[in-house]
Amino acid sequence: MMIHQPLSDRLRFAMFDVAFLKDLFVHHGYQYAQDIERQLGEYLSDKVTGTGRLYHFSDALFIYIETNWEEDAQPDALAHFVQSLIEDFVAHYHQQPDDSDQDDTLSANISLSTQVCVGLAEYPFLPRAYTSINDQELIEILLTATNKACELAEQSGDSHWVHLSAIDTAPAASFVNTNLRHACLRGIDSGLVKVKTSANTSINWQTDHESDKKRGLIIDDRSNKSV
């Protein structure tokens with residue numbers, strides 16, 4: 001449970017995808033990959049202050065929650081904080097003296113990327129309806145933003161962030177009892193959801209709509225029903 005006080009919490013969420021974690025085990029083997037994962041976890045835990053909380057969501061995905069933030073704070077500040085965490089860890093890792101008995105050549109060949117993709121959103125997502133969107137539903141919004149940030153990063157080779165926020169007058173009816181990813185994409189189209197990003201170019205959300213339509217048309221041969 002990431003939202004402890006649904007009626008009063010004001011939280012800023014950053015979901016971030018760490019590029020170098022994705023292929024560690026395949027490229028470098030279990031022993032080295034597990035050691036790097038452990039070092040990253042310890043490093044991040046040491047850097048998170050009393051006003052923040054950190055969760056390892058899955059594989060290369062983490063969620064950082066800032067519990068004490070200024071209302072007029074810009075989303076790029078949190079994105080840059082997260083990016084700096086990964087950049088500092090990579091620099092720290094590469095500067096470490098190799099005093100182990102392991103294969104020095106293999107260890108030296110492990111070059112970690114500093115690329116990180118960050119999806120940002122706040123709770124409450126709907127300013128006039130605090131409890132309309134819970135933490136699990138907010139994760140859908142964060143995944144949508146993070147996915148687009150990763151697309152931008154793949155295109156440019158750099159780190160990127162995407163921030164999604166509902167306008168003050170966004171009606172709760174547009175986001176409840178429905179798939180939050182679909183509702184968020186519709187909100188972007190209609191202007192109910194605002195997008196901020198580190199990219200200098202406009203974001204094409206049409207690809208997300210098309211991929212969702214394709215998933216809805218997948219047929220399960222055993223039941224002959226859409227899944």
# chains A, B, ... in the order shown; residues from 1 in each chain; ligands from 1
>>> residues_around(residues="Ser45 of chain A", least_positions_apart="5", cutoff="9 Å", atoms="only C-alpha atoms", output="compact mmCIF listing (two decimals) with all heavy atoms, in the first residue's frame")
# COMPACT_ATOMS: atom_id res chain seq x y z
N LEU A 40 23.31 -1.57 -6.12
CA LEU A 40 22.38 -0.50 -6.48
C LEU A 40 21.32 -0.33 -5.39
O LEU A 40 21.00 0.80 -5.00
CB LEU A 40 21.71 -0.80 -7.82
CG LEU A 40 20.63 0.20 -8.25
CD1 LEU A 40 21.21 1.60 -8.43
CD2 LEU A 40 19.95 -0.26 -9.54
N ARG A 53 10.20 7.55 -0.14
CA ARG A 53 10.07 6.10 -0.01
C ARG A 53 10.43 5.47 -1.34
O ARG A 53 10.10 6.02 -2.40
CB ARG A 53 8.64 5.70 0.39
CG ARG A 53 8.15 6.33 1.68
CD ARG A 53 7.00 5.55 2.29
NE ARG A 53 5.86 5.42 1.38
CZ ARG A 53 4.82 6.26 1.34
NH1 ARG A 53 4.80 7.30 2.14
NH2 ARG A 53 3.82 6.05 0.51
N LEU A 54 11.08 4.32 -1.28
CA LEU A 54 11.54 3.65 -2.49
C LEU A 54 11.01 2.23 -2.53
O LEU A 54 11.06 1.51 -1.54
CB LEU A 54 13.07 3.64 -2.54
CG LEU A 54 13.71 3.01 -3.78
CD1 LEU A 54 13.49 3.91 -5.00
CD2 LEU A 54 15.21 2.79 -3.55
>>> residues_around(residues="Arg12 of chain A", least_positions_apart="4", cutoff="8 Å", atoms="only C-alpha atoms", output="list in words")
Ile65, Glu66, Thr67, Trp69, Leu120, Ala121, Glu122 and Tyr123 of chain A
>>> closest_residue(among="A:Val118, A:Leu142, A:Ile86, A:Leu61", to="Gln39 of chain A", atoms="only C-alpha atoms")
A:Ile86
>>> atom_distance(atom1="atom CA of Ser84 of chain A", atom2="atom CA of Asn204 of chain A")
27.1 Å
>>> closest_residue(among="A:Gln115, A:Thr51, A:Thr178, A:Ser132", to="Ser156 of chain A", atoms="only C-alpha atoms")
A:Gln115
>>> closest_residue(among="A:Asp158, A:Glu70, A:Glu87, A:Asp168", to="Pro127 of chain A", atoms="only C-alpha atoms")
A:Asp168
>>> closest_residue(among="A:Leu85, A:Leu112, A:Leu185, A:Ala79", to="Trp161 of chain A", atoms="only C-alpha atoms")
A:Ala79
>>> select_by_dssp(residues="chain A", states="helix (DSSP H, G or I)", output="PyMOL selection string")
chain A and resi 19-21+24-28+30-47+75-95+104-108+130-132+135-156+172-174+180-190+206-216
>>> select_by_dssp(residues="segment 10-223 of chain A", states="strand (DSSP E)", output="JSON, numbers by chain")
{"A": [11, 12, 13, 14, 15, 16, 17, 18, 52, 53, 54, 55, 56, 57, 58, 61, 62, 63, 64, 65, 66, 116, 117, 118, 119, 120, 121, 122, 123, 160, 161, 162, 163, 164, 165, 166, 193, 194, 195, 196, 197, 219, 220]}
>>> write_last_selection(atoms="C-alpha atoms", output="PDB file, in the first residue's frame")
ATOM      1  CA  LEU A  11       2.467  12.531  -2.901  1.00  0.00           C
ATOM      2  CA  ARG A  12       4.706  12.882  -5.911  1.00  0.00           C
ATOM      3  CA  PHE A  13       5.505   9.629  -7.716  1.00  0.00           C
ATOM      4  CA  ALA A  14       8.432   8.802  -9.993  1.00  0.00           C
ATOM      5  CA  MET A  15       8.524   5.409 -11.682  1.00  0.00           C
ATOM      6  CA  PHE A  16      11.923   4.865 -13.259  1.00  0.00           C
ATOM      7  CA  ASP A  17      13.337   2.247 -15.575  1.00  0.00           C
ATOM      8  CA  VAL A  18      17.076   1.593 -15.145  1.00  0.00           C
ATOM      9  CA  GLY A  52      10.994   9.757   0.426  1.00  0.00           C
ATOM     10  CA  ARG A  53      10.070   6.104  -0.005  1.00  0.00           C
ATOM     11  CA  LEU A  54      11.542   3.654  -2.490  1.00  0.00           C
ATOM     12  CA  TYR A  55       9.988   0.480  -3.915  1.00  0.00           C
ATOM     13  CA  HIS A  56      11.500  -2.102  -6.280  1.00  0.00           C
ATOM     14  CA  PHE A  57       8.451  -2.566  -8.490  1.00  0.00           C
ATOM     15  CA  SER A  58       9.715  -5.234 -10.899  1.00  0.00           C
ATOM     16  CA  LEU A  61      11.479  -0.712 -12.554  1.00  0.00           C
ATOM     17  CA  PHE A  62      11.518   1.274  -9.312  1.00  0.00           C
ATOM     18  CA  ILE A  63       9.025   3.673  -7.751  1.00  0.00           C
ATOM     19  CA  TYR A  64      10.191   6.635  -5.705  1.00  0.00           C
ATOM     20  CA  ILE A  65       7.618   8.579  -3.680  1.00  0.00           C
ATOM     21  CA  GLU A  66       8.294  12.071  -2.392  1.00  0.00           C
ATOM     22  CA  VAL A 116      17.029   6.144 -17.105  1.00  0.00           C
ATOM     23  CA  CYS A 117      13.401   6.617 -18.159  1.00  0.00           C
ATOM     24  CA  VAL A 118      11.132   8.380 -15.671  1.00  0.00           C
ATOM     25  CA  GLY A 119       7.329   8.529 -15.537  1.00  0.00           C
ATOM     26  CA  LEU A 120       5.876  11.126 -13.168  1.00  0.00           C
ATOM     27  CA  ALA A 121       2.470  11.767 -11.598  1.00  0.00           C
ATOM     28  CA  GLU A 122       0.988  13.065  -8.364  1.00  0.00           C
ATOM     29  CA  TYR A 123      -1.542  11.863  -5.829  1.00  0.00           C
ATOM     30  CA  HIS A 160      13.993  11.188 -20.649  1.00  0.00           C
ATOM     31  CA  TRP A 161      11.012  11.871 -18.428  1.00  0.00           C
ATOM     32  CA  VAL A 162       7.267  12.254 -19.021  1.00  0.00           C
ATOM     33  CA  HIS A 163       4.859  13.817 -16.531  1.00  0.00           C
ATOM     34  CA  LEU A 164       1.085  13.348 -16.614  1.00  0.00           C
ATOM     35  CA  SER A 165      -1.399  15.421 -14.619  1.00  0.00           C
ATOM     36  CA  ALA A 166      -5.148  15.945 -14.781  1.00  0.00           C
ATOM     37  CA  VAL A 193      -4.687  15.276 -18.989  1.00  0.00           C
ATOM     38  CA  LYS A 194      -1.680  17.554 -19.444  1.00  0.00           C
ATOM     39  CA  VAL A 195       1.680  16.253 -20.618  1.00  0.00           C
ATOM     40  CA  LYS A 196       5.101  17.658 -19.753  1.00  0.00           C
ATOM     41  CA  THR A 197       8.285  16.059 -20.987  1.00  0.00           C
ATOM     42  CA  ILE A 219      -8.208 -14.288 -30.085  1.00  0.00           C
ATOM     43  CA  ASP A 220      -7.993 -17.181 -27.631  1.00  0.00           C
TER      44      ASP A 220
END
>>> residues_around(residues="Leu143 of chain A", least_positions_apart="3", cutoff="9 Å", atoms="only C-alpha atoms", output="list in words")
Met15, Gly119, Leu138, Ile139, Glu140, Thr146, Asn147, Lys148 and Arg181 of chain A
>>> write_last_selection(atoms="N, CA and C atoms", output="tab-separated table (two decimals), in the first residue's frame")
chain	number	residue	atom	x	y	z
A	15	MET	N	8.18	6.78	-11.30
A	15	MET	CA	8.52	5.41	-11.68
A	15	MET	C	9.70	5.51	-12.64
A	119	GLY	N	8.73	8.14	-15.41
A	119	GLY	CA	7.33	8.53	-15.54
A	119	GLY	C	6.87	9.18	-14.25
A	138	LEU	N	-3.09	4.37	-10.02
A	138	LEU	CA	-2.06	5.36	-10.32
A	138	LEU	C	-0.85	4.71	-10.98
A	139	ILE	N	-0.58	3.45	-10.63
A	139	ILE	CA	0.52	2.72	-11.26
A	139	ILE	C	0.28	2.60	-12.75
A	140	GLU	N	-0.98	2.41	-13.17
A	140	GLU	CA	-1.29	2.34	-14.60
A	140	GLU	C	-0.88	3.64	-15.30
A	146	THR	N	5.95	6.16	-18.14
A	146	THR	CA	7.29	5.57	-18.21
A	146	THR	C	7.53	4.90	-19.55
A	147	ASN	N	6.50	4.24	-20.07
A	147	ASN	CA	6.62	3.60	-21.38
A	147	ASN	C	6.96	4.63	-22.46
A	148	LYS	N	6.30	5.77	-22.40
A	148	LYS	CA	6.57	6.80	-23.41
A	148	LYS	C	7.96	7.41	-23.20
A	181	ARG	N	-5.39	3.16	-18.12
A	181	ARG	CA	-4.50	3.46	-19.25
A	181	ARG	C	-5.32	4.05	-20.39
>>> closest_residue(among="A:Asp76, A:Ser113, A:Met1, A:Phe125", to="His94 of chain A", atoms="only C-alpha atoms")
A:Ser113
>>> closest_residue(among="A:Leu7, A:Ala173, A:Ala77, A:Ile110", to="Gly29 of chain A", atoms="only C-alpha atoms")
A:Ile110
